[in-house]
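Okay, model.cif now, which holds mmCIF, C-alpha atoms:
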```
data_final
#
loop_
_atom_site.label_atom_id
_atom_site.label_comp_id
_atom_site.auth_asym_id
_atom_site.auth_seq_id
_atom_site.Cartn_x
_atom_site.Cartn_y
_atom_site.Cartn_z
CA MET A 1 -69.86 11.57 46.25
CA ILE A 2 -69.00 13.01 49.66
CA GLN A 3 -71.46 12.50 52.50
CA GLN A 4 -71.08 14.62 55.60
CA PRO A 5 -69.68 12.76 58.62
CA ARG A 6 -71.36 13.22 61.97
CA VAL A 7 -70.13 15.54 64.70
CA ASP A 8 -69.49 13.76 67.98
CA PHE A 9 -71.17 16.31 70.24
CA PRO A 10 -74.83 15.42 70.85
CA GLN A 11 -75.65 18.45 73.01
CA LEU A 12 -76.07 20.43 69.78
CA GLN A 13 -78.16 19.52 66.77
CA TRP A 14 -75.92 19.23 63.71
CA ARG A 15 -76.89 19.65 60.08
CA PRO A 16 -75.33 20.77 56.78
CA ALA A 17 -75.15 24.52 56.20
CA ALA A 18 -77.32 26.08 53.50
CA ALA A 19 -77.47 29.41 51.72
CA SER A 20 -80.49 30.35 53.84
CA ASP A 21 -78.28 30.15 56.97
CA VAL A 22 -75.84 32.85 55.88
CA THR A 23 -77.25 35.69 58.01
CA ALA A 24 -77.48 33.65 61.22
CA TRP A 25 -74.12 32.01 60.47
CA ALA A 26 -72.49 35.43 60.13
CA ALA A 27 -74.06 36.44 63.45
CA LEU A 28 -72.33 33.49 65.15
CA ILE A 29 -68.97 34.55 63.72
CA ALA A 30 -69.58 38.15 64.82
CA ARG A 31 -70.39 37.05 68.39
CA THR A 32 -67.24 34.99 68.53
CA ALA A 33 -65.14 37.81 67.08
CA ALA A 34 -66.51 40.25 69.66
CA ALA A 35 -65.08 38.01 72.38
CA GLU A 36 -61.85 36.88 70.72
CA HIS A 37 -60.90 40.04 68.76
CA PRO A 38 -59.33 38.51 65.65
CA VAL A 39 -57.67 40.90 63.23
CA TRP A 40 -60.23 39.89 60.59
CA HIS A 41 -63.25 37.63 60.43
CA GLU A 42 -65.66 36.51 57.77
CA ARG A 43 -68.87 38.44 57.26
CA GLU A 44 -72.11 37.78 55.48
CA ALA A 45 -70.72 38.70 52.05
CA ASP A 46 -67.90 36.17 52.47
CA LEU A 47 -70.30 33.43 53.50
CA GLN A 48 -72.55 34.23 50.57
CA GLN A 49 -69.60 33.62 48.26
CA HIS A 50 -68.99 30.26 49.95
CA ALA A 51 -72.65 29.43 49.38
CA GLU A 52 -72.12 30.00 45.65
CA SER A 53 -69.04 27.77 45.41
CA ARG A 54 -69.30 24.86 43.00
CA LYS A 55 -66.04 23.25 44.16
CA ASN A 56 -66.95 23.19 47.85
CA PRO A 57 -70.74 23.11 48.18
CA LEU A 58 -72.07 23.92 51.63
CA GLY A 59 -74.21 20.81 51.77
CA THR A 60 -71.16 18.56 51.97
CA HIS A 61 -68.45 20.96 53.12
CA ALA A 62 -69.95 22.98 55.98
CA VAL A 63 -71.78 21.93 59.14
CA LEU A 64 -73.72 23.94 61.73
CA GLY A 65 -74.45 23.12 65.38
CA LEU A 66 -77.73 24.53 66.74
CA ASP A 67 -79.01 24.71 70.30
CA GLY A 68 -82.51 23.78 71.39
CA ASP A 69 -83.82 27.20 70.35
CA GLY A 70 -82.42 26.86 66.85
CA VAL A 71 -79.57 29.35 67.41
CA ILE A 72 -76.34 28.50 65.57
CA ARG A 73 -73.65 27.93 68.20
CA ALA A 74 -70.83 26.40 66.15
CA TYR A 75 -69.75 25.75 62.61
CA GLY A 76 -67.06 23.92 60.65
CA ARG A 77 -66.13 24.22 56.98
CA ILE A 78 -63.49 22.78 54.67
CA SER A 79 -62.27 24.07 51.33
CA LYS A 80 -60.16 22.18 48.80
CA ASN A 81 -59.19 22.39 45.15
CA PRO A 82 -59.98 19.17 43.26
CA ASP A 83 -56.29 18.46 42.56
CA GLY A 84 -54.96 20.22 45.67
CA ASP A 85 -52.57 18.60 48.14
CA LYS A 86 -54.36 19.98 51.21
CA ALA A 87 -57.72 21.06 52.53
CA HIS A 88 -58.22 24.22 54.56
CA GLY A 89 -60.32 24.04 57.70
CA PHE A 90 -62.36 26.81 59.31
CA GLY A 91 -64.68 27.01 62.27
CA CYS A 92 -65.67 28.71 65.47
CA VAL A 93 -67.65 28.10 68.65
CA ASP A 94 -69.99 30.59 70.30
CA PRO A 95 -68.29 32.01 73.44
CA ALA A 96 -71.20 30.74 75.54
CA TRP A 97 -70.48 27.18 74.37
CA GLN A 98 -66.70 27.15 74.63
CA ARG A 99 -64.79 24.89 77.04
CA ARG A 100 -67.34 22.10 76.62
CA GLY A 101 -65.54 20.03 73.98
CA VAL A 102 -67.32 21.53 70.96
CA GLY A 103 -64.06 22.67 69.37
CA ALA A 104 -62.51 19.21 69.65
CA ALA A 105 -65.64 17.65 68.15
CA LEU A 106 -65.56 20.11 65.26
CA LEU A 107 -61.90 19.37 64.67
CA GLY A 108 -62.78 15.70 64.37
CA TRP A 109 -65.45 16.59 61.81
CA LEU A 110 -62.97 18.70 59.82
CA GLU A 111 -60.51 15.82 59.71
CA GLU A 112 -63.06 13.22 58.67
CA SER A 113 -64.50 15.59 56.04
CA THR A 114 -60.99 16.11 54.70
CA ARG A 115 -60.42 12.35 54.41
CA GLN A 116 -63.69 11.96 52.56
CA ARG A 117 -62.95 14.84 50.20
CA PHE A 118 -59.53 13.44 49.34
CA ALA A 119 -61.07 10.03 48.73
CA ASP A 120 -63.68 11.58 46.46
CA ASP A 121 -61.07 13.55 44.49
CA ALA A 122 -58.82 10.48 44.19
CA ALA A 123 -61.48 8.30 42.58
CA GLY A 124 -59.94 6.76 39.48
CA THR A 125 -56.39 8.05 40.16
CA ALA A 126 -53.42 5.71 40.34
CA ALA A 127 -51.58 7.47 43.18
CA PRO A 128 -53.93 9.16 45.66
CA LEU A 129 -52.49 11.89 47.85
CA VAL A 130 -52.17 11.59 51.61
CA PRO A 131 -54.95 13.73 53.10
CA ARG A 132 -53.67 16.84 54.82
CA LEU A 133 -55.59 19.51 56.71
CA ARG A 134 -54.32 23.06 57.20
CA ILE A 135 -55.77 25.44 59.79
CA GLY A 136 -54.76 29.06 60.38
CA THR A 137 -54.65 30.79 63.75
CA GLU A 138 -53.49 34.13 65.09
CA GLN A 139 -50.68 34.16 67.62
CA GLN A 140 -52.92 35.82 70.21
CA HIS A 141 -55.33 32.86 70.31
CA ALA A 142 -53.47 30.48 72.60
CA HIS A 143 -56.55 28.32 73.23
CA GLN A 144 -56.71 27.40 69.54
CA ALA A 145 -53.00 26.60 69.51
CA ARG A 146 -53.41 24.30 72.51
CA LEU A 147 -56.22 22.39 70.82
CA LEU A 148 -54.33 21.95 67.57
CA LYS A 149 -51.08 20.96 69.27
CA SER A 150 -52.87 18.37 71.42
CA ALA A 151 -54.46 16.93 68.27
CA GLY A 152 -51.11 16.43 66.53
CA TYR A 153 -50.85 19.57 64.41
CA THR A 154 -47.57 21.41 63.91
CA VAL A 155 -46.84 24.97 62.80
CA VAL A 156 -45.48 24.90 59.26
CA ARG A 157 -45.36 28.62 58.48
CA TYR A 158 -45.57 32.06 60.05
CA PHE A 159 -47.10 35.14 58.44
CA ASN A 160 -46.81 38.80 59.34
CA GLU A 161 -49.48 41.44 59.07
CA MET A 162 -47.61 44.64 58.17
CA HIS A 163 -48.67 48.28 58.34
CA ARG A 164 -47.22 51.43 56.82
CA SER A 165 -48.45 54.74 58.19
CA LEU A 166 -49.53 57.12 55.44
CA ASP A 167 -48.89 60.28 57.47
CA GLN A 168 -45.17 59.87 56.78
CA PRO A 169 -43.51 61.02 53.51
CA LEU A 170 -44.52 58.68 50.72
CA PRO A 171 -42.03 57.08 48.31
CA SER A 172 -42.16 57.88 44.61
CA LYS A 173 -40.93 55.06 42.41
CA VAL A 174 -40.73 55.46 38.64
CA LEU A 175 -41.02 52.53 36.25
CA GLY A 176 -38.26 51.83 33.78
CA ALA A 177 -38.50 52.24 30.04
CA GLY A 178 -41.02 50.01 28.29
CA LEU A 179 -43.23 49.55 31.35
CA MET A 180 -46.40 51.44 32.16
CA LEU A 181 -48.98 51.58 34.95
CA ASP A 182 -52.55 50.87 33.90
CA VAL A 183 -55.87 50.62 35.67
CA LEU A 184 -57.34 47.27 36.67
CA THR A 185 -60.43 46.89 34.51
CA ALA A 186 -62.78 43.92 34.24
CA GLU A 187 -61.29 43.25 30.80
CA ARG A 188 -57.91 42.65 32.45
CA HIS A 189 -59.15 40.22 35.12
CA GLU A 190 -58.24 37.10 33.16
CA GLN A 191 -54.80 38.43 32.22
CA VAL A 192 -54.08 39.20 35.85
CA ARG A 193 -55.35 35.80 36.99
CA LEU A 194 -52.96 34.06 34.61
CA ALA A 195 -50.12 36.37 35.69
CA HIS A 196 -50.88 35.56 39.32
CA ASN A 197 -50.86 31.80 38.74
CA GLU A 198 -47.55 32.08 36.90
CA THR A 199 -46.03 34.34 39.56
CA PHE A 200 -46.98 32.11 42.48
CA ARG A 201 -46.64 28.68 40.87
CA ASP A 202 -43.74 27.65 43.12
CA HIS A 203 -44.54 29.72 46.21
CA TRP A 204 -45.08 27.80 49.41
CA GLY A 205 -48.71 26.79 49.93
CA SER A 206 -49.94 28.44 46.73
CA GLU A 207 -52.33 26.73 44.33
CA PRO A 208 -53.58 27.95 40.95
CA ARG A 209 -56.75 30.01 41.08
CA ASP A 210 -59.47 29.05 38.65
CA GLU A 211 -62.07 31.42 37.24
CA ASP A 212 -64.50 30.84 40.10
CA SER A 213 -62.07 31.54 42.93
CA TRP A 214 -60.62 34.51 41.03
CA SER A 215 -64.09 35.94 40.57
CA PHE A 216 -64.60 35.78 44.33
CA THR A 217 -61.45 37.89 44.77
CA VAL A 218 -62.00 40.57 42.16
CA ASN A 219 -65.77 40.85 42.71
CA HIS A 220 -65.75 40.80 46.50
CA PRO A 221 -67.73 43.72 48.02
CA HIS A 222 -64.56 45.05 49.64
CA ALA A 223 -62.51 44.94 46.41
CA ARG A 224 -61.32 48.38 45.32
CA PRO A 225 -60.35 48.40 41.64
CA ASP A 226 -59.87 52.16 41.91
CA LEU A 227 -57.01 51.48 44.35
CA SER A 228 -55.57 48.63 42.27
CA MET A 229 -53.15 48.80 39.35
CA VAL A 230 -51.27 46.63 36.89
CA VAL A 231 -47.91 47.12 35.21
CA VAL A 232 -47.94 46.31 31.51
CA ASP A 233 -45.10 45.67 29.08
CA ALA A 234 -45.78 48.37 26.49
CA ALA A 235 -44.32 46.31 23.64
CA SER A 236 -46.09 42.98 24.21
CA GLY A 237 -49.09 43.95 26.32
CA THR A 238 -48.07 41.36 28.92
CA VAL A 239 -49.16 42.00 32.50
CA ALA A 240 -45.79 42.14 34.24
CA GLY A 241 -47.08 42.89 37.74
CA TYR A 242 -50.21 43.73 39.67
CA GLN A 243 -51.45 45.15 42.96
CA LEU A 244 -55.00 44.26 44.02
CA ALA A 245 -56.40 46.35 46.85
CA SER A 246 -59.41 46.25 49.15
CA HIS A 247 -60.95 48.29 51.93
CA ASP A 248 -63.20 47.02 54.71
CA PRO A 249 -65.21 49.88 56.27
CA ASP A 250 -66.51 47.68 59.11
CA LEU A 251 -62.95 46.72 60.04
CA ALA A 252 -62.00 50.40 59.99
CA ALA A 253 -64.76 51.20 62.46
CA ARG A 254 -63.63 48.39 64.76
CA ARG A 255 -59.88 49.06 64.61
CA GLY A 256 -60.12 52.85 64.64
CA PHE A 257 -58.22 53.54 61.43
CA ARG A 258 -58.92 53.33 57.71
CA GLU A 259 -56.79 50.76 55.98
CA GLY A 260 -55.92 50.30 52.33
CA TYR A 261 -55.13 46.61 52.12
CA THR A 262 -53.03 44.99 49.40
CA GLU A 263 -54.73 41.66 48.85
CA LEU A 264 -52.29 40.47 46.18
CA LEU A 265 -48.99 41.78 44.87
CA GLY A 266 -46.97 39.93 42.26
CA VAL A 267 -44.36 40.33 39.54
CA ARG A 268 -43.69 37.76 36.82
CA ARG A 269 -40.26 36.15 37.07
CA GLU A 270 -38.90 37.58 33.84
CA TYR A 271 -39.69 41.11 35.02
CA ARG A 272 -38.24 40.91 38.52
CA GLY A 273 -35.39 43.17 39.53
CA ARG A 274 -36.82 46.16 37.63
CA GLY A 275 -38.51 47.94 40.54
CA ILE A 276 -42.05 46.93 39.58
CA ALA A 277 -43.15 45.86 43.07
CA GLN A 278 -41.79 49.09 44.55
CA ALA A 279 -43.59 51.14 41.91
CA LEU A 280 -46.87 49.33 42.56
CA LEU A 281 -46.61 49.78 46.32
CA SER A 282 -45.69 53.44 45.93
CA ASP A 283 -48.65 53.99 43.63
CA ALA A 284 -50.91 52.18 46.10
CA MET A 285 -49.78 54.38 48.99
CA HIS A 286 -50.56 57.54 47.02
CA ARG A 287 -53.96 56.16 46.00
CA PHE A 288 -54.74 55.08 49.55
CA THR A 289 -53.83 58.53 50.86
CA ALA A 290 -55.98 60.28 48.27
CA ALA A 291 -58.88 58.01 49.27
CA GLY A 292 -58.56 59.07 52.92
CA MET A 293 -56.81 55.99 54.28
CA ASP A 294 -54.60 56.15 57.35
CA VAL A 295 -52.55 53.00 56.83
CA ALA A 296 -51.32 50.81 53.99
CA SER A 297 -51.33 47.15 55.00
CA LEU A 298 -50.66 43.65 53.71
CA ASP A 299 -49.75 40.15 54.87
CA VAL A 300 -46.54 38.37 53.99
CA ASP A 301 -45.10 34.89 54.38
CA SER A 302 -42.21 35.39 56.78
CA GLU A 303 -40.08 32.94 54.77
CA ASN A 304 -41.03 34.17 51.29
CA PRO A 305 -38.07 33.22 49.05
CA THR A 306 -38.44 36.31 46.83
CA GLY A 307 -37.33 38.63 49.64
CA ALA A 308 -40.79 40.16 50.03
CA LEU A 309 -40.31 40.82 53.76
CA ALA A 310 -37.19 42.88 53.09
CA LEU A 311 -38.98 44.68 50.25
CA TYR A 312 -41.87 45.74 52.48
CA THR A 313 -39.59 46.74 55.35
CA GLY A 314 -37.61 48.88 52.92
CA MET A 315 -40.84 50.59 51.88
CA GLY A 316 -41.61 51.49 55.49
CA TYR A 317 -43.92 48.62 56.47
CA ARG A 318 -43.64 47.21 59.99
CA ALA A 319 -44.95 43.91 61.38
CA VAL A 320 -47.86 44.36 63.79
CA ASN A 321 -49.38 40.86 64.11
CA THR A 322 -48.34 37.26 63.52
CA SER A 323 -50.41 34.30 62.34
CA MET A 324 -49.54 30.67 61.83
CA ALA A 325 -50.45 27.82 59.51
CA TRP A 326 -50.85 24.44 61.23
CA ASP A 327 -50.75 21.16 59.27
CA LYS A 328 -51.58 17.56 60.01
CA PRO A 329 -51.33 14.56 57.65
CA LEU A 330 -54.40 12.42 58.19
#
```
Can the structure from this file be put into structure tokens for me?
Amino acid sequence: MIQQPRVDFPQLQWRPAAASDVTAWAALIARTAAAEHPVWHEREADLQQHAESRKNPLGTHAVLGLDGDGVIRAYGRISKNPDGDKAHGFGCVDPAWQRRGVGAALLGWLEESTRQRFADDAAGTAAPLVPRLRIGTEQQHAHQARLLKSAGYTVVRYFNEMHRSLDQPLPSKVLGAGLMLDVLTAERHEQVRLAHNETFRDHWGSEPRDEDSWSFTVNHPHARPDLSMVVVDAASGTVAGYQLASHDPDLAARRGFREGYTELLGVRREYRGRGIAQALLSDAMHRFTAAGMDVASLDVDSENPTGALALYTGMGYRAVNTSMAWDKPL
């Protein structure tokens, strides 16, 4: 089984993260966010979900660096599916401890943890995968880009955060015959999970979501099933498409506007070209407006082969921020 590697930065005391650290860990992320102003950052509820993960237990997949007073000043975390071809790395350093080499030391820990996780997952397999670590940054954070570039990472994809003001006339899109909008109930969660995995099975960077990871999405405190909908084939009962929405009230307070966010939007291949995505987005905009939102928002892969960027632009969305995915084979 995986054993945590050490972090090569002795000025802090390093140990595995635990569920009991979640509050103080979230405070570190909040301090860092207050200085760096990311579009979004993890909060206590997100970290609590990580603490409940069976695939990526904190004891072997997350590390904390504490100062002499026991205050958490840095963290690193990796996440990987057992049969996945990449691990995702996360971390931050308290603003008071930046520019001392902590970030570089954490990056080394992320890489070594990724190698160990791949080795653990490859036990007994004939053709182990080459370990690969992916890290996301926002375009505004040039210091992170410099660190990653100097360590041999390259940008492999760009993503756009897109907004659509809801004070403009809203589109009304009607579904074709045989299709109907229906509410997202708990009884439909498994159907939608399977539809999502089918829809995104050949999308860049996408991996199937199992029941645990799907539960984190649909049961997240910010999830808004009342603002989410599915499109169902009336004849077969098949979920043809879905729109899963969320709202973060803390983010609204910080950014100064209320945002209805489309976490996931998808249409099964055999139902594409029938206006389902447009109908789901139109429905979402009307629901967001009724709920008092100011903006409809989402994120999109700038090179999405399904033409999603053109779809959103045609629905009135405009790009407001850019983020990048950086990869490095290890």
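Going from atom CA of Ala104 of chain A to atom CA of Arg77 of chain A covers 14.1 Å.
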Using the chain letters and numbers from this file, what does the PyMOL selection byres ((chain A and resi 144) around 12) select? Give the answer as a PyMOL selection string. chain A and resi 36+90-93+98-99+103-104+107+135-143+145-151+153+323-326
Spatial neighbours of Glu198 of chain A, 10 Å, all atoms listed in the file, chain gap at least 3 places, as a ChimeraX atom specification: /A:192-195,201-202,208,266-269
Keeping C-alpha atoms for every residue in the selection just given, could you write it to a file as an mmCIF file, keeping the file's coordinate frame?
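Writing done, so here's again.cif:
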```cif
data_model
loop_
_atom_site.group_PDB
_atom_site.id
_atom_site.type_symbol
_atom_site.label_atom_id
_atom_site.label_comp_id
_atom_site.auth_asym_id
_atom_site.auth_seq_id
_atom_site.Cartn_x
_atom_site.Cartn_y
_atom_site.Cartn_z
ATOM 1 C CA VAL A 192 -54.080 39.200 35.850
ATOM 2 C CA ARG A 193 -55.350 35.800 36.990
ATOM 3 C CA LEU A 194 -52.960 34.060 34.610
ATOM 4 C CA ALA A 195 -50.120 36.370 35.690
ATOM 5 C CA ARG A 201 -46.640 28.680 40.870
ATOM 6 C CA ASP A 202 -43.740 27.650 43.120
ATOM 7 C CA PRO A 208 -53.580 27.950 40.950
ATOM 8 C CA GLY A 266 -46.970 39.930 42.260
ATOM 9 C CA VAL A 267 -44.360 40.330 39.540
ATOM 10 C CA ARG A 268 -43.690 37.760 36.820
ATOM 11 C CA ARG A 269 -40.260 36.150 37.070
#
```
Apply the PyMOL selection byres ((chain A and resi 97) around 12) to the file shown and report the selected residues as JSON, numbers by chain. {"A": [9, 11, 12, 28, 31, 32, 65, 66, 67, 71, 72, 73, 74, 75, 92, 93, 94, 95, 96, 98, 99, 100, 101, 102, 103]}
Grab the residues selected above and save them as a short mmCIF file (atom, residue, chain, number, x, y, z; two decimals), in the coordinates of the input with C-alpha atoms.
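Just written: result.cif:
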```cif
data_model
loop_
_atom_site.label_atom_id
_atom_site.label_comp_id
_atom_site.auth_asym_id
_atom_site.auth_seq_id
_atom_site.Cartn_x
_atom_site.Cartn_y
_atom_site.Cartn_z
CA PHE A 9 -71.17 16.31 70.24
CA GLN A 11 -75.65 18.45 73.01
CA LEU A 12 -76.07 20.43 69.78
CA LEU A 28 -72.33 33.49 65.15
CA ARG A 31 -70.39 37.05 68.39
CA THR A 32 -67.24 34.99 68.53
CA GLY A 65 -74.45 23.12 65.38
CA LEU A 66 -77.73 24.53 66.74
CA ASP A 67 -79.01 24.71 70.30
CA VAL A 71 -79.57 29.35 67.41
CA ILE A 72 -76.34 28.50 65.57
CA ARG A 73 -73.65 27.93 68.20
CA ALA A 74 -70.83 26.40 66.15
CA TYR A 75 -69.75 25.75 62.61
CA CYS A 92 -65.67 28.71 65.47
CA VAL A 93 -67.65 28.10 68.65
CA ASP A 94 -69.99 30.59 70.30
CA PRO A 95 -68.29 32.01 73.44
CA ALA A 96 -71.20 30.74 75.54
CA GLN A 98 -66.70 27.15 74.63
CA ARG A 99 -64.79 24.89 77.04
CA ARG A 100 -67.34 22.10 76.62
CA GLY A 101 -65.54 20.03 73.98
CA VAL A 102 -67.32 21.53 70.96
CA GLY A 103 -64.06 22.67 69.37
#
```
So the first atom is atom CA of Gln116 of chain A and the second is atom CA of Ser213 of chain A; what is the distance between them in Å, to one decimal place? 21.9 Å
Excluding same-chain residues fewer than 5 positions from Asp21 of chain A, what lies within 12 Å of it counting only C-alpha atoms, as a ChimeraX atom specification? /A:15-16,26-28,44,47-48,50-51,58-59,62-66,70-72,75
Can you tell me, as a PyMOL selection string, which residues sit within 8 Å of (-55.8, 22.0, 54.3) in the file's frame, using all atoms listed in the file? chain A and resi 78-80+85-89+114+132-135+327
Pull out every residue that the PyMOL selection byres ((chain A and resi 293) around 10) matches in the shown coordinates and put them as a VMD selection string. chain A and resid 165 to 167 247 252 257 to 261 285 to 292 294 to 296
Export C-alpha atoms of the chosen residues as a PDB file, in the coordinates of the input?
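Done, and the output landed in result_33.pdb:
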```
ATOM      1  CA  SER A 165     -48.450  54.740  58.190  1.00  0.00           C
ATOM      2  CA  LEU A 166     -49.530  57.120  55.440  1.00  0.00           C
ATOM      3  CA  ASP A 167     -48.890  60.280  57.470  1.00  0.00           C
ATOM      4  CA  HIS A 247     -60.950  48.290  51.930  1.00  0.00           C
ATOM      5  CA  ALA A 252     -62.000  50.400  59.990  1.00  0.00           C
ATOM      6  CA  PHE A 257     -58.220  53.540  61.430  1.00  0.00           C
ATOM      7  CA  ARG A 258     -58.920  53.330  57.710  1.00  0.00           C
ATOM      8  CA  GLU A 259     -56.790  50.760  55.980  1.00  0.00           C
ATOM      9  CA  GLY A 260     -55.920  50.300  52.330  1.00  0.00           C
ATOM     10  CA  TYR A 261     -55.130  46.610  52.120  1.00  0.00           C
ATOM     11  CA  MET A 285     -49.780  54.380  48.990  1.00  0.00           C
ATOM     12  CA  HIS A 286     -50.560  57.540  47.020  1.00  0.00           C
ATOM     13  CA  ARG A 287     -53.960  56.160  46.000  1.00  0.00           C
ATOM     14  CA  PHE A 288     -54.740  55.080  49.550  1.00  0.00           C
ATOM     15  CA  THR A 289     -53.830  58.530  50.860  1.00  0.00           C
ATOM     16  CA  ALA A 290     -55.980  60.280  48.270  1.00  0.00           C
ATOM     17  CA  ALA A 291     -58.880  58.010  49.270  1.00  0.00           C
ATOM     18  CA  GLY A 292     -58.560  59.070  52.920  1.00  0.00           C
ATOM     19  CA  ASP A 294     -54.600  56.150  57.350  1.00  0.00           C
ATOM     20  CA  VAL A 295     -52.550  53.000  56.830  1.00  0.00           C
ATOM     21  CA  ALA A 296     -51.320  50.810  53.990  1.00  0.00           C
TER      22      ALA A 296
END
```
Within 12 Å of (-42.2, 51.7, 55.9), all atoms listed in the file: residues as a PyMOL selection string? chain A and resi 162-171+278+281-282+285+295-298+309-319
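When atom CA of Pro5 of chain A is paired with atom CA of Asp69 of chain A, their separation reads 23.4 Å.
Among the candidates A:Leu265, A:Leu280, A:Ala119, A:Ala235, the residue lying nearest to Val183 of chain A is A:Leu280 (atoms considered: all atoms listed in the file).
Remark: for Gln49 of chain A, the closest of the candidate residues A:Pro221, A:Gly273, A:Gly176, A:Gly241 is A:Pro221 (distances computed over all atoms listed in the file).
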Enclose all atoms of segment 277-292 of chain A listed in the file in an axis-aligned box, grow every side by 6 Å, and hand back centre and edge lengths in Å to one decimal, as AutoDock Vina command-line options.
```
--center_x -50.3 --center_y 53.1 --center_z 47.4 --size_x 29.1 --size_y 26.4 --size_z 23.0
```
For Asp283 of chain A, please output as a ChimeraX atom specification all residues within 12 Å (counting all atoms listed in the file; exclusion window: fewer than 6 positions along the same chain). /A:170-175,180-183,226-231,242-245,260,262,276-277,289-290,296,315
Quick one: residues within 12 Å of Trp40 of chain A, only C-alpha atoms, excluding same-chain residues fewer than 5 positions away - as a ChimeraX atom specification? /A:29-30,32-34,46,137-138,161,248-252,254-255,261,299,321,323
Provide segment 243-255 of chain A of the preceding structure as a file containing N, CA, C and O atoms, as a short mmCIF file (atom, residue, chain, number, x, y, z; two decimals), in the first residue's frame.
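Below you can see decode.cif, which holds the result:
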```cif
data_model
loop_
_atom_site.label_atom_id
_atom_site.label_comp_id
_atom_site.auth_asym_id
_atom_site.auth_seq_id
_atom_site.Cartn_x
_atom_site.Cartn_y
_atom_site.Cartn_z
N GLN A 243 -28.92 18.75 -17.10
CA GLN A 243 -28.27 19.99 -16.69
C GLN A 243 -28.27 20.00 -15.17
O GLN A 243 -29.32 20.03 -14.54
N LEU A 244 -27.07 19.92 -14.56
CA LEU A 244 -26.93 19.92 -13.12
C LEU A 244 -26.40 21.27 -12.67
O LEU A 244 -25.34 21.71 -13.14
N ALA A 245 -27.14 21.92 -11.78
CA ALA A 245 -26.82 23.28 -11.39
C ALA A 245 -26.43 23.37 -9.92
O ALA A 245 -26.76 22.51 -9.10
N SER A 246 -25.71 24.46 -9.60
CA SER A 246 -25.33 24.73 -8.22
C SER A 246 -25.36 26.23 -7.99
O SER A 246 -25.41 27.03 -8.93
N HIS A 247 -25.33 26.60 -6.72
CA HIS A 247 -25.21 28.01 -6.35
C HIS A 247 -24.39 28.10 -5.08
O HIS A 247 -24.64 27.39 -4.11
N ASP A 248 -23.39 28.98 -5.09
CA ASP A 248 -22.49 29.17 -3.96
C ASP A 248 -22.75 30.55 -3.36
O ASP A 248 -22.30 31.56 -3.92
N PRO A 249 -23.46 30.64 -2.24
CA PRO A 249 -23.77 31.96 -1.68
C PRO A 249 -22.54 32.71 -1.19
O PRO A 249 -22.51 33.95 -1.26
N ASP A 250 -21.51 32.00 -0.72
CA ASP A 250 -20.29 32.69 -0.29
C ASP A 250 -19.58 33.33 -1.47
O ASP A 250 -19.06 34.44 -1.38
N LEU A 251 -19.56 32.61 -2.60
CA LEU A 251 -18.95 33.16 -3.81
C LEU A 251 -19.72 34.38 -4.28
O LEU A 251 -19.14 35.37 -4.73
N ALA A 252 -21.04 34.34 -4.16
CA ALA A 252 -21.85 35.50 -4.55
C ALA A 252 -21.50 36.72 -3.73
O ALA A 252 -21.38 37.84 -4.25
N ALA A 253 -21.31 36.53 -2.43
CA ALA A 253 -20.96 37.65 -1.57
C ALA A 253 -19.60 38.22 -1.95
O ALA A 253 -19.39 39.44 -1.92
N ARG A 254 -18.67 37.35 -2.33
CA ARG A 254 -17.33 37.82 -2.67
C ARG A 254 -17.27 38.48 -4.03
O ARG A 254 -16.58 39.49 -4.21
N ARG A 255 -18.01 37.95 -5.01
CA ARG A 255 -17.92 38.47 -6.38
C ARG A 255 -18.93 39.59 -6.64
O ARG A 255 -18.80 40.30 -7.64
#
```
